[in-house]
file run.cif (mmCIF, C-alpha atoms (C1' of nucleotides))
data_data
loop_
_atom_site.label_atom_id
_atom_site.label_comp_id
_atom_site.auth_asym_id
_atom_site.auth_seq_id
_atom_site.Cartn_x
_atom_site.Cartn_y
_atom_site.Cartn_z
CA MET A 245 117.79 44.18 63.53
CA GLY A 246 116.17 46.49 65.91
CA ARG A 247 115.23 49.98 64.76
CA GLY A 248 111.59 48.90 64.43
CA ARG A 249 109.49 51.02 62.12
CA ARG A 250 105.83 50.95 62.99
CA SER A 251 105.08 47.47 64.12
CA PRO A 252 107.99 45.74 65.73
CA ALA A 253 105.75 42.86 66.70
CA SER A 254 105.18 41.93 63.08
CA ARG A 255 108.84 41.27 62.39
CA GLY A 256 110.94 38.12 62.30
CA GLY A 257 109.77 35.30 64.52
CA GLN A 258 106.72 37.20 65.71
CA LEU A 259 103.11 36.69 64.75
CA ASN A 260 101.24 39.18 62.59
CA GLN A 261 98.02 40.64 63.89
CA TYR A 262 95.27 42.08 61.72
CA ARG A 263 91.78 42.92 62.98
CA GLY A 264 92.01 40.41 65.79
CA LEU A 265 93.21 37.62 63.51
CA THR A 266 96.70 36.21 63.77
CA LEU A 267 98.97 35.06 60.98
CA PRO A 268 102.07 32.93 61.52
CA ALA A 269 105.53 34.48 61.53
CA ARG A 270 106.90 35.33 58.10
CA ALA A 271 103.40 35.35 56.58
CA ARG A 272 102.95 38.48 54.48
CA LEU A 273 99.95 40.71 54.61
CA THR A 274 99.03 40.94 50.94
CA PRO A 275 95.97 42.73 49.52
CA GLN A 276 94.30 39.38 48.83
CA ARG A 277 94.82 38.22 52.39
CA ARG A 278 93.71 41.53 53.76
CA SER A 279 90.37 41.29 51.99
CA LEU A 280 89.87 37.71 53.17
CA LEU A 281 90.74 38.63 56.74
CA ASP A 282 88.29 41.54 56.54
CA LEU A 283 85.51 39.21 55.49
CA ILE A 284 86.31 36.75 58.27
CA ALA A 285 86.63 39.47 60.92
CA ASP A 286 83.23 40.91 59.94
CA ARG A 287 81.44 37.57 60.12
CA ASP A 288 79.71 36.37 63.22
CA GLY A 289 78.91 32.83 62.17
CA SER A 290 80.48 29.94 60.37
CA PHE A 291 81.63 30.04 56.77
CA THR A 292 82.81 27.68 54.08
CA ALA A 293 85.82 28.17 51.85
CA VAL A 294 83.58 28.63 48.84
CA ASP A 295 81.39 31.21 50.65
CA LEU A 296 84.48 33.21 51.35
CA PHE A 297 85.77 32.77 47.82
CA GLN A 298 82.57 34.03 46.22
CA GLU A 299 82.24 37.01 48.54
CA ALA A 300 85.86 38.00 48.09
CA ARG A 301 85.53 37.74 44.34
CA ARG A 302 82.96 40.50 44.31
CA ARG A 303 85.64 42.95 45.37
CA ALA A 304 88.67 41.23 43.88
CA PRO A 305 87.59 39.29 40.77
CA ASP A 306 91.03 37.83 40.20
CA LEU A 307 91.35 36.16 43.57
CA GLY A 308 91.95 32.42 43.30
CA LEU A 309 90.33 29.66 45.30
CA ALA A 310 93.72 28.29 46.26
CA THR A 311 94.49 31.56 48.01
CA VAL A 312 91.37 31.17 50.11
CA TYR A 313 92.45 27.73 51.25
CA ARG A 314 95.99 28.93 51.85
CA THR A 315 94.74 31.78 54.02
CA ILE A 316 92.39 29.58 55.99
CA GLU A 317 95.26 27.19 56.59
CA LEU A 318 97.46 29.98 57.96
CA LEU A 319 94.73 31.09 60.34
CA ARG A 320 94.11 27.52 61.37
CA ARG A 321 97.75 27.15 62.31
CA THR A 322 97.56 30.08 64.71
CA GLY A 323 94.18 29.02 66.09
CA SER A 324 92.36 32.03 64.68
CA VAL A 325 89.94 29.81 62.83
CA ARG A 326 88.93 26.25 63.48
CA PRO A 327 87.18 23.68 61.30
CA LEU A 328 83.68 22.98 62.52
CA VAL A 329 82.87 19.36 63.03
CA GLY A 330 79.44 17.87 62.59
CA ASP A 331 77.33 16.21 59.98
CA ALA A 332 76.89 19.22 57.72
CA ARG A 333 79.14 20.46 54.95
CA PRO A 334 82.70 21.39 55.89
CA ALA A 335 82.87 24.81 57.46
CA TYR A 336 85.09 26.98 59.63
CA VAL A 337 84.63 29.40 62.51
CA ARG A 338 86.61 32.34 63.68
CA CYS A 339 88.15 31.71 67.10
CA ASP A 340 89.28 34.19 69.68
CA PRO A 341 92.37 33.23 71.63
CA GLY A 342 91.97 31.02 74.63
CA HIS A 343 90.33 27.74 75.35
CA HIS A 344 86.69 27.65 74.46
CA HIS A 345 84.10 25.74 72.51
CA HIS A 346 81.24 26.50 70.19
CA LEU A 347 77.47 26.54 70.27
CA VAL A 348 76.39 25.92 66.70
CA CYS A 349 72.86 26.76 65.62
CA LEU A 350 71.51 24.05 63.34
CA SER A 351 68.91 26.42 61.99
CA CYS A 352 70.85 29.55 61.00
CA GLY A 353 74.48 28.48 61.26
CA ALA A 354 75.35 31.13 63.84
CA VAL A 355 78.17 30.21 66.16
CA GLU A 356 78.53 31.42 69.71
CA GLU A 357 81.62 30.90 71.76
CA THR A 358 81.55 29.63 75.29
CA ASP A 359 84.26 29.08 77.84
CA LEU A 360 82.22 26.37 79.49
CA CYS A 361 84.01 23.08 79.15
CA GLY A 362 83.92 19.93 81.13
CA ALA A 363 86.04 17.68 79.00
CA PRO A 364 87.51 14.91 81.13
CA SER A 365 90.75 16.06 82.72
CA PRO A 366 93.99 14.62 81.38
CA ALA A 367 94.85 13.39 84.87
CA VAL A 368 91.68 11.32 85.09
CA LEU A 369 92.10 9.93 81.59
CA ARG A 370 95.62 8.92 82.37
CA ARG A 371 94.68 7.24 85.61
CA ARG A 372 91.69 5.42 84.21
CA TYR A 373 92.82 4.55 80.70
CA GLY A 374 96.55 5.22 80.57
CA PHE A 375 95.62 7.68 77.86
CA LEU A 376 97.76 10.80 77.38
CA ALA A 377 95.35 13.48 76.26
CA GLU A 378 96.71 16.20 74.00
CA GLY A 379 93.57 18.04 73.05
CA HIS A 380 89.91 17.73 72.37
CA GLU A 381 87.11 18.95 70.18
CA LEU A 382 83.77 19.94 71.60
CA ASP A 383 80.90 21.48 69.70
CA VAL A 384 77.36 21.69 71.00
CA TYR A 385 74.57 21.62 68.43
CA GLY A 386 71.11 23.05 68.92
CA THR A 387 69.01 26.16 68.37
CA CYS A 388 70.22 29.65 69.13
CA ALA A 389 68.24 32.26 71.03
CA ASP A 390 67.27 34.13 67.87
CA CYS A 391 65.91 31.07 66.11
CA ALA A 392 64.12 29.65 69.13
CA MET B 8 49.88 -8.55 59.09
CA GLY B 9 51.05 -10.46 62.00
CA ARG B 10 51.84 -14.14 61.68
CA GLY B 11 55.53 -13.33 62.17
CA ARG B 12 57.89 -16.06 61.05
CA ARG B 13 61.13 -16.06 62.96
CA SER B 14 61.92 -12.51 63.85
CA PRO B 15 58.89 -10.38 64.57
CA ALA B 16 61.13 -7.56 65.73
CA SER B 17 62.65 -7.20 62.28
CA ARG B 18 59.35 -6.39 60.64
CA GLY B 19 57.62 -3.13 59.79
CA GLY B 20 58.49 -0.14 61.90
CA GLN B 21 61.04 -1.93 64.05
CA LEU B 22 64.81 -1.73 63.96
CA ASN B 23 66.93 -4.68 62.85
CA GLN B 24 69.65 -5.91 65.16
CA TYR B 25 72.70 -7.87 64.05
CA ARG B 26 75.71 -8.53 66.24
CA GLY B 27 75.10 -5.45 68.33
CA LEU B 28 74.64 -3.19 65.33
CA THR B 29 71.31 -1.65 64.47
CA LEU B 30 69.83 -1.04 61.04
CA PRO B 31 66.87 1.25 60.41
CA ALA B 32 63.38 -0.12 59.89
CA ARG B 33 62.73 -1.63 56.46
CA ALA B 34 66.46 -2.10 55.87
CA ARG B 35 67.13 -5.62 54.66
CA LEU B 36 69.89 -7.81 55.94
CA THR B 37 71.53 -8.89 52.70
CA PRO B 38 74.66 -11.06 52.41
CA GLN B 39 76.72 -8.01 51.47
CA ARG B 40 75.54 -6.10 54.50
CA ARG B 41 76.01 -9.06 56.74
CA SER B 42 79.67 -9.35 55.78
CA LEU B 43 80.20 -5.63 56.30
CA LEU B 44 78.48 -5.73 59.68
CA ASP B 45 80.64 -8.70 60.64
CA LEU B 46 83.78 -6.75 59.84
CA ILE B 47 82.60 -3.73 61.80
CA ALA B 48 81.47 -5.80 64.77
CA ASP B 49 84.85 -7.54 64.93
CA ARG B 50 86.85 -4.33 64.86
CA ASP B 51 87.94 -2.55 67.97
CA GLY B 52 89.23 0.67 66.50
CA SER B 53 88.35 3.13 63.83
CA PHE B 54 88.04 2.28 60.16
CA THR B 55 87.70 4.06 56.85
CA ALA B 56 85.24 3.23 54.13
CA VAL B 57 88.06 2.06 51.88
CA ASP B 58 89.55 -0.16 54.62
CA LEU B 59 86.22 -1.85 54.96
CA PHE B 60 85.82 -2.13 51.20
CA GLN B 61 89.17 -3.81 50.71
CA GLU B 62 88.71 -6.23 53.58
CA ALA B 63 85.21 -7.15 52.49
CA ARG B 64 86.41 -7.71 48.94
CA ARG B 65 88.66 -10.50 50.10
CA ARG B 66 85.62 -12.59 50.96
CA ALA B 67 83.16 -11.08 48.47
CA PRO B 68 85.07 -9.93 45.40
CA ASP B 69 81.99 -8.48 43.72
CA LEU B 70 81.08 -6.12 46.53
CA GLY B 71 80.87 -2.52 45.38
CA LEU B 72 82.25 0.53 47.13
CA ALA B 73 78.88 2.22 46.95
CA THR B 74 77.42 -0.57 49.06
CA VAL B 75 79.99 0.13 51.75
CA TYR B 76 78.98 3.77 51.89
CA ARG B 77 75.30 2.87 51.84
CA THR B 78 75.76 0.51 54.74
CA ILE B 79 77.79 2.98 56.78
CA GLU B 80 75.08 5.57 56.19
CA LEU B 81 72.39 3.21 57.50
CA LEU B 82 74.39 2.53 60.65
CA ARG B 83 75.09 6.20 61.08
CA ARG B 84 71.38 6.91 61.03
CA THR B 85 70.80 4.57 63.94
CA GLY B 86 73.84 5.76 65.83
CA SER B 87 75.67 2.44 65.54
CA VAL B 88 78.63 4.12 63.92
CA ARG B 89 79.78 7.69 64.08
CA PRO B 90 82.14 9.67 61.87
CA LEU B 91 85.33 10.55 63.70
CA VAL B 92 86.23 14.17 63.63
CA GLY B 93 89.77 15.45 63.61
CA ASP B 94 92.45 16.50 61.22
CA ALA B 95 93.26 13.04 59.89
CA ARG B 96 91.66 11.17 57.03
CA PRO B 97 87.93 10.54 57.29
CA ALA B 98 87.14 7.58 59.49
CA TYR B 99 84.31 6.01 61.43
CA VAL B 100 83.94 4.28 64.79
CA ARG B 101 81.49 1.71 66.00
CA CYS B 102 79.32 3.08 68.81
CA ASP B 103 77.58 1.14 71.48
CA PRO B 104 74.24 2.51 72.57
CA GLY B 105 74.25 5.14 75.24
CA HIS B 106 75.97 8.40 75.78
CA HIS B 107 79.72 8.29 75.57
CA HIS B 108 82.71 9.83 73.88
CA HIS B 109 85.93 8.65 72.32
CA LEU B 110 89.61 8.66 73.14
CA VAL B 111 91.38 8.62 69.80
CA CYS B 112 95.03 7.64 69.60
CA LEU B 113 96.85 9.85 67.15
CA SER B 114 99.59 7.28 66.81
CA CYS B 115 97.79 4.00 66.06
CA GLY B 116 94.20 5.07 65.42
CA ALA B 117 92.77 2.97 68.23
CA VAL B 118 89.57 4.29 69.73
CA GLU B 119 88.52 3.78 73.29
CA GLU B 120 85.10 4.65 74.57
CA THR B 121 84.56 6.55 77.76
CA ASP B 122 81.45 7.53 79.62
CA LEU B 123 83.24 10.52 81.08
CA CYS B 124 81.65 13.68 79.75
CA GLY B 125 81.65 17.18 80.99
CA ALA B 126 79.82 18.93 78.20
CA PRO B 127 77.99 21.99 79.53
CA SER B 128 74.52 21.06 80.72
CA PRO B 129 71.60 22.14 78.51
CA ALA B 130 70.11 23.97 81.49
CA VAL B 131 73.19 26.12 81.89
CA LEU B 132 73.45 26.83 78.19
CA ARG B 133 69.83 27.86 78.10
CA ARG B 134 70.18 30.13 81.07
CA ARG B 135 73.38 31.75 79.92
CA TYR B 136 72.94 31.94 76.17
CA GLY B 137 69.28 31.15 75.47
CA PHE B 138 70.69 28.23 73.50
CA LEU B 139 68.64 25.05 73.23
CA ALA B 140 71.21 22.26 73.11
CA GLU B 141 70.26 19.12 71.18
CA GLY B 142 73.52 17.24 71.17
CA HIS B 143 77.24 17.51 71.16
CA GLU B 144 80.39 15.97 69.81
CA LEU B 145 83.39 15.34 71.99
CA ASP B 146 86.52 13.51 70.98
CA VAL B 147 89.74 13.60 72.96
CA TYR B 148 92.98 13.19 71.01
CA GLY B 149 96.24 11.91 72.39
CA THR B 150 98.30 8.77 72.84
CA CYS B 151 96.88 5.48 74.01
CA ALA B 152 98.39 3.30 76.71
CA ASP B 153 99.87 0.86 74.19
CA CYS B 154 101.65 3.54 72.20
CA ALA B 155 102.86 5.53 75.17
"C1'" DC C 108 55.08 -21.72 45.42
"C1'" DC C 109 54.09 -17.22 42.58
"C1'" DT C 110 54.24 -12.29 42.10
"C1'" DG C 111 54.54 -7.34 42.42
"C1'" DA C 112 56.63 -3.72 44.66
"C1'" DA C 113 60.10 -2.11 47.37
"C1'" DA C 114 64.70 -2.35 48.47
"C1'" DG C 115 69.34 -3.45 47.24
"C1'" DT C 116 73.17 -4.14 44.03
"C1'" DG C 117 77.81 -3.17 41.17
"C1'" DA C 118 80.00 -0.38 37.95
"C1'" DG C 119 81.32 3.67 36.60
"C1'" DA C 120 80.45 8.58 36.00
"C1'" DA C 121 80.02 12.70 38.50
"C1'" DT C 122 80.64 15.87 42.28
"C1'" DC C 123 82.84 18.00 45.99
"C1'" DA C 124 86.40 19.79 48.86
"C1'" DC C 125 90.79 20.34 48.82
"C1'" DT C 126 95.99 20.10 47.30
"C1'" DA C 127 99.92 20.28 44.14
"C1'" DT C 128 102.32 22.38 40.45
"C1'" DC C 129 104.30 26.05 38.08
"C1'" DA C 130 105.52 30.29 35.97
"C1'" DT C 131 105.23 34.81 37.46
"C1'" DC C 132 105.02 38.50 40.71
"C1'" DT C 133 105.73 41.31 45.19
"C1'" DG C 134 106.26 42.44 50.32
"C1'" DC C 135 109.59 43.36 53.16
"C1'" DC C 136 114.28 42.68 55.40
"C1'" DT C 137 119.02 44.36 54.65
"C1'" DA D 299 117.50 50.07 45.86
"C1'" DG D 300 117.90 44.93 45.50
"C1'" DG D 301 117.03 40.37 46.18
"C1'" DC D 302 114.71 36.58 47.62
"C1'" DA D 303 111.46 34.14 50.49
"C1'" DG D 304 107.07 34.01 50.19
"C1'" DA D 305 102.62 34.74 47.61
"C1'" DT D 306 99.67 34.46 43.62
"C1'" DG D 307 96.16 32.65 39.91
"C1'" DA D 308 95.22 29.15 36.79
"C1'" DT D 309 94.74 24.67 36.17
"C1'" DA D 310 95.37 19.85 36.74
"C1'" DG D 311 95.08 16.36 40.01
"C1'" DT D 312 93.51 13.68 44.15
"C1'" DG D 313 90.75 11.19 47.31
"C1'" DA D 314 86.42 10.61 49.37
"C1'" DT D 315 81.81 10.33 48.69
"C1'" DT D 316 77.41 10.42 46.06
"C1'" DC D 317 74.66 9.69 41.98
"C1'" DT D 318 72.74 7.13 38.19
"C1'" DC D 319 71.12 3.29 35.97
"C1'" DA D 320 70.00 -1.16 34.51
"C1'" DC D 321 69.50 -5.22 36.80
"C1'" DT D 322 68.68 -8.49 40.82
"C1'" DT D 323 67.00 -9.90 45.33
"C1'" DT D 324 63.87 -9.97 49.08
"C1'" DC D 325 59.59 -10.68 51.13
"C1'" DA D 326 54.51 -9.94 52.33
"C1'" DG D 327 50.45 -11.35 50.52
"C1'" DG D 328 47.72 -14.28 47.76
#

call {"tool": "encode", "arguments": {"input": "run.cif", "output": "structure tokens"}}
result
Amino acid sequence: MGRGRRSPASRGGQLNQYRGLTLPARARLTPQRRSLLDLIADRDGSFTAVDLFQEARRRAPDLGLATVYRTIELLRRTGSVRPLVGDARPAYVRCDPGHHHHLVCLSCGAVEETDLCGAPSPAVLRRRYGFLAEGHELDVYGTCADCA
Amino acid sequence: MGRGRRSPASRGGQLNQYRGLTLPARARLTPQRRSLLDLIADRDGSFTAVDLFQEARRRAPDLGLATVYRTIELLRRTGSVRPLVGDARPAYVRCDPGHHHHLVCLSCGAVEETDLCGAPSPAVLRRRYGFLAEGHELDVYGTCADCA
DNA sequence: CCTGAAAGTGAGAATCACTATCATCTGCCT
DNA sequence: AGGCAGATGATAGTGATTCTCACTTTCAGG
């Protein structure tokens, strides 16, 4: 290989970028995916799979629900979206790269990212509990500035 | 009202306690619930609704699955159990009163409680984002001492 | 003890979110 | 250009949870 055409970074073994979202290696950028990625990139809050499905259908009436789930799964694998935890219906958020957590507004569903994090350090957990931490989930729930 | 019989605290407006678990006011302590609460109180890790159902059925073959969900929901309302978040199957953990988080073993499902918490303080979140924090969820995933 | 009303119950149907299957199609490397 | 890994839509299926309903139990008050 080698005589790269336009986007050498999107070839074998590399990740594909599109509007700030990342797809795994070997994932193809089809029209269906492109429209889903557009919708996700334009959003500023959380979304459900069905939300996305219904919106996307307005522009591409043939799009199937399975494709929505497949696309979300691809983005989840690269960390570009993350499932939101909490007591509400299942939803997802777009994630920028890097370690951060979310401030979720219980009133309007908006999600703000924050790099603040004080999860217990792996070293402390290991010393105190013998527990080998691999990762953690932290979401803060409350009311955003706009709704307050 | 007033001439309380045995357990004044379990009457109108108060919460019902049983083996460290709390039911909401006006919730009755029926035999079915008692056996479910016993199973939960005796557990030291996480459990699923179906786990609980199958175990409870061994002693009370007529118990219905809906009753299991209804009981879990009551305990959830008082904070005595909490749904576990993560990518595995849906599960719950028993929660003692007070602020704490969980160390969840990805290998055996055991759950350890910890009072360590470094969630961003509400004051900081308010100052930086105008966000009024009401609560947060923090679970740390990894491998417990026994599995390591 | 009764009794009425509220709360609880089991069974099974229904819903919801998601996954698997499959025949067909298409980006994209060579 | 050609081929094939990967993608697609439709639909059936799955597993978890909730709903419905007819019936029973609990318990405060008489």

call {"tool": "interface_residues", "arguments": {"input": "run.cif", "of": "chain A", "to": "chain B", "cutoff": "8 Å", "atoms": "only C-alpha atoms", "output": "VMD selection string"}}
result
chain A and resid 329 to 330 347 360 to 364 373 to 389 392

call {"tool": "interface_residues", "arguments": {"input": "run.cif", "of": "chain D", "to": "chain A", "cutoff": "12 Å", "atoms": "all atoms listed in the file", "output": "ChimeraX atom specification"}}
result
/D:303-309

call {"tool": "interface_residues", "arguments": {"input": "run.cif", "of": "chain C", "to": "chain A", "cutoff": "12 Å", "atoms": "all atoms listed in the file", "output": "PDB file with C-alpha atoms (C1' of nucleotides), in the coordinates of the input"}}
result
ATOM      1  C1'  DC C 123      82.840  18.000  45.990  1.00  0.00           C
ATOM      2  C1'  DA C 124      86.400  19.790  48.860  1.00  0.00           C
ATOM      3  C1'  DC C 125      90.790  20.340  48.820  1.00  0.00           C
ATOM      4  C1'  DT C 126      95.990  20.100  47.300  1.00  0.00           C
ATOM      5  C1'  DA C 127      99.920  20.280  44.140  1.00  0.00           C
ATOM      6  C1'  DT C 128     102.320  22.380  40.450  1.00  0.00           C
ATOM      7  C1'  DT C 133     105.730  41.310  45.190  1.00  0.00           C
ATOM      8  C1'  DG C 134     106.260  42.440  50.320  1.00  0.00           C
ATOM      9  C1'  DC C 135     109.590  43.360  53.160  1.00  0.00           C
ATOM     10  C1'  DC C 136     114.280  42.680  55.400  1.00  0.00           C
ATOM     11  C1'  DT C 137     119.020  44.360  54.650  1.00  0.00           C
TER      12       DT C 137
END

call {"tool": "calpha_fit_and_write", "arguments": {"input": "run.cif", "fixed": "chain B", "moving": "chain A", "output": "CSV table (one decimal) with C-alpha atoms, keeping the file's coordinate frame"}}
result
chain,number,residue,atom,x,y,z
A,245,MET,CA,50.4,-9.1,60.6
A,246,GLY,CA,51.3,-11.0,63.7
A,247,ARG,CA,52.2,-14.7,63.4
A,248,GLY,CA,55.9,-13.8,63.7
A,249,ARG,CA,58.3,-16.3,62.4
A,250,ARG,CA,61.7,-16.2,64.0
A,251,SER,CA,62.4,-12.6,64.7
A,252,PRO,CA,59.3,-10.5,65.3
A,253,ALA,CA,61.5,-7.6,66.2
A,254,SER,CA,62.9,-7.4,62.7
A,255,ARG,CA,59.5,-6.7,61.1
A,256,GLY,CA,57.7,-3.6,60.0
A,257,GLY,CA,58.6,-0.5,61.9
A,258,GLN,CA,61.1,-2.2,64.0
A,259,LEU,CA,64.9,-2.0,63.9
A,260,ASN,CA,67.0,-4.9,62.7
A,261,GLN,CA,69.8,-6.1,64.9
A,262,TYR,CA,72.8,-8.0,63.7
A,263,ARG,CA,75.9,-8.7,65.9
A,264,GLY,CA,75.2,-5.7,68.1
A,265,LEU,CA,74.7,-3.4,65.1
A,266,THR,CA,71.4,-1.8,64.3
A,267,LEU,CA,69.9,-1.2,60.9
A,268,PRO,CA,66.9,1.1,60.4
A,269,ALA,CA,63.4,-0.3,59.8
A,270,ARG,CA,62.8,-1.7,56.4
A,271,ALA,CA,66.5,-2.1,55.8
A,272,ARG,CA,67.2,-5.6,54.4
A,273,LEU,CA,70.0,-7.9,55.6
A,274,THR,CA,71.7,-8.8,52.3
A,275,PRO,CA,74.8,-10.9,52.0
A,276,GLN,CA,76.8,-7.8,51.1
A,277,ARG,CA,75.6,-6.0,54.2
A,278,ARG,CA,76.2,-9.0,56.4
A,279,SER,CA,79.8,-9.2,55.4
A,280,LEU,CA,80.3,-5.5,56.0
A,281,LEU,CA,78.6,-5.7,59.4
A,282,ASP,CA,80.8,-8.6,60.3
A,283,LEU,CA,83.9,-6.6,59.5
A,284,ILE,CA,82.7,-3.7,61.6
A,285,ALA,CA,81.6,-5.8,64.5
A,286,ASP,CA,85.0,-7.5,64.6
A,287,ARG,CA,87.0,-4.3,64.6
A,288,ASP,CA,88.0,-2.6,67.8
A,289,GLY,CA,89.3,0.7,66.3
A,290,SER,CA,88.4,3.2,63.7
A,291,PHE,CA,88.0,2.5,60.0
A,292,THR,CA,87.6,4.4,56.8
A,293,ALA,CA,85.2,3.5,54.0
A,294,VAL,CA,88.0,2.5,51.8
A,295,ASP,CA,89.5,0.2,54.4
A,296,LEU,CA,86.2,-1.5,54.8
A,297,PHE,CA,85.8,-1.7,51.0
A,298,GLN,CA,89.2,-3.3,50.4
A,299,GLU,CA,88.8,-5.8,53.2
A,300,ALA,CA,85.3,-6.8,52.1
A,301,ARG,CA,86.5,-7.3,48.6
A,302,ARG,CA,88.8,-10.0,49.6
A,303,ARG,CA,85.8,-12.2,50.5
A,304,ALA,CA,83.3,-10.7,48.0
A,305,PRO,CA,85.2,-9.4,45.0
A,306,ASP,CA,82.0,-8.0,43.4
A,307,LEU,CA,81.1,-5.7,46.2
A,308,GLY,CA,80.8,-2.0,45.2
A,309,LEU,CA,82.1,1.0,47.0
A,310,ALA,CA,78.7,2.6,46.9
A,311,THR,CA,77.4,-0.3,49.0
A,312,VAL,CA,80.0,0.4,51.6
A,313,TYR,CA,78.9,4.1,51.9
A,314,ARG,CA,75.2,3.1,51.8
A,315,THR,CA,75.8,0.6,54.7
A,316,ILE,CA,77.8,3.1,56.7
A,317,GLU,CA,75.0,5.6,56.2
A,318,LEU,CA,72.4,3.2,57.5
A,319,LEU,CA,74.4,2.5,60.6
A,320,ARG,CA,75.0,6.2,61.1
A,321,ARG,CA,71.3,6.8,61.1
A,322,THR,CA,70.8,4.4,64.0
A,323,GLY,CA,73.8,5.6,65.9
A,324,SER,CA,75.7,2.3,65.5
A,325,VAL,CA,78.6,4.1,63.9
A,326,ARG,CA,79.7,7.7,64.1
A,327,PRO,CA,82.1,9.7,62.0
A,328,LEU,CA,85.2,10.6,63.8
A,329,VAL,CA,86.2,14.2,63.9
A,330,GLY,CA,89.7,15.5,64.0
A,331,ASP,CA,92.5,16.6,61.7
A,332,ALA,CA,93.2,13.2,60.2
A,333,ARG,CA,91.5,11.5,57.2
A,334,PRO,CA,87.8,10.9,57.5
A,335,ALA,CA,87.0,7.8,59.5
A,336,TYR,CA,84.2,6.1,61.5
A,337,VAL,CA,83.9,4.3,64.7
A,338,ARG,CA,81.5,1.7,65.9
A,339,CYS,CA,79.3,3.0,68.7
A,340,ASP,CA,77.4,1.0,71.4
A,341,PRO,CA,74.1,2.4,72.3
A,342,GLY,CA,73.9,5.1,74.9
A,343,HIS,CA,75.6,8.4,75.4
A,344,HIS,CA,79.3,8.3,75.4
A,345,HIS,CA,82.4,9.7,73.8
A,346,HIS,CA,85.7,8.5,72.4
A,347,LEU,CA,89.3,8.3,73.3
A,348,VAL,CA,91.2,8.3,70.0
A,349,CYS,CA,94.8,7.1,70.0
A,350,LEU,CA,96.8,9.3,67.6
A,351,SER,CA,99.5,6.7,67.4
A,352,CYS,CA,97.6,3.5,66.5
A,353,GLY,CA,94.1,4.7,65.7
A,354,ALA,CA,92.5,2.6,68.5
A,355,VAL,CA,89.3,4.0,69.9
A,356,GLU,CA,88.1,3.5,73.4
A,357,GLU,CA,84.6,4.4,74.5
A,358,THR,CA,84.0,6.3,77.7
A,359,ASP,CA,80.9,7.4,79.4
A,360,LEU,CA,82.7,10.3,81.0
A,361,CYS,CA,81.2,13.6,79.7
A,362,GLY,CA,81.1,17.0,81.1
A,363,ALA,CA,79.7,18.9,78.2
A,364,PRO,CA,77.9,22.0,79.4
A,365,SER,CA,74.4,21.3,80.3
A,366,PRO,CA,71.6,22.6,78.1
A,367,ALA,CA,70.1,24.4,81.0
A,368,VAL,CA,73.3,26.4,81.6
A,369,LEU,CA,73.7,27.1,77.9
A,370,ARG,CA,70.2,28.4,77.6
A,371,ARG,CA,70.5,30.6,80.7
A,372,ARG,CA,73.8,32.1,79.7
A,373,TYR,CA,73.6,32.3,75.9
A,374,GLY,CA,69.9,31.7,75.1
A,375,PHE,CA,71.3,28.8,73.1
A,376,LEU,CA,69.1,25.7,72.7
A,377,ALA,CA,71.5,22.8,72.6
A,378,GLU,CA,70.5,19.7,70.6
A,379,GLY,CA,73.6,17.6,70.8
A,380,HIS,CA,77.4,17.7,70.9
A,381,GLU,CA,80.5,16.0,69.7
A,382,LEU,CA,83.3,15.2,72.0
A,383,ASP,CA,86.5,13.3,71.1
A,384,VAL,CA,89.6,13.2,73.2
A,385,TYR,CA,92.9,12.7,71.4
A,386,GLY,CA,96.0,11.3,72.9
A,387,THR,CA,98.0,8.1,73.4
A,388,CYS,CA,96.4,4.9,74.4
A,389,ALA,CA,97.7,2.6,77.2
A,390,ASP,CA,99.2,0.2,74.7
A,391,CYS,CA,101.2,2.8,72.8
A,392,ALA,CA,102.3,4.7,75.9

call {"tool": "atom_distance", "arguments": {"input": "run.cif", "atom1": "CA of Pro268 in chain A", "atom2": "CA of Leu319 in chain A"}}
result
7.7 Å

call {"tool": "atom_distance", "arguments": {"input": "run.cif", "atom1": "CA of Cys339 in chain A", "atom2": "CA of Gly323 in chain A"}}
result
6.7 Å

call {"tool": "resolve_selection", "arguments": {"input": "run.cif", "expression": "the PyMOL selection byres ((chain B and resi 53) around 7)", "output": "list in words"}}
result
Gly52, Phe54, Ala98, Tyr99, Val100, Gly116, Ala117 and Val118 of chain B
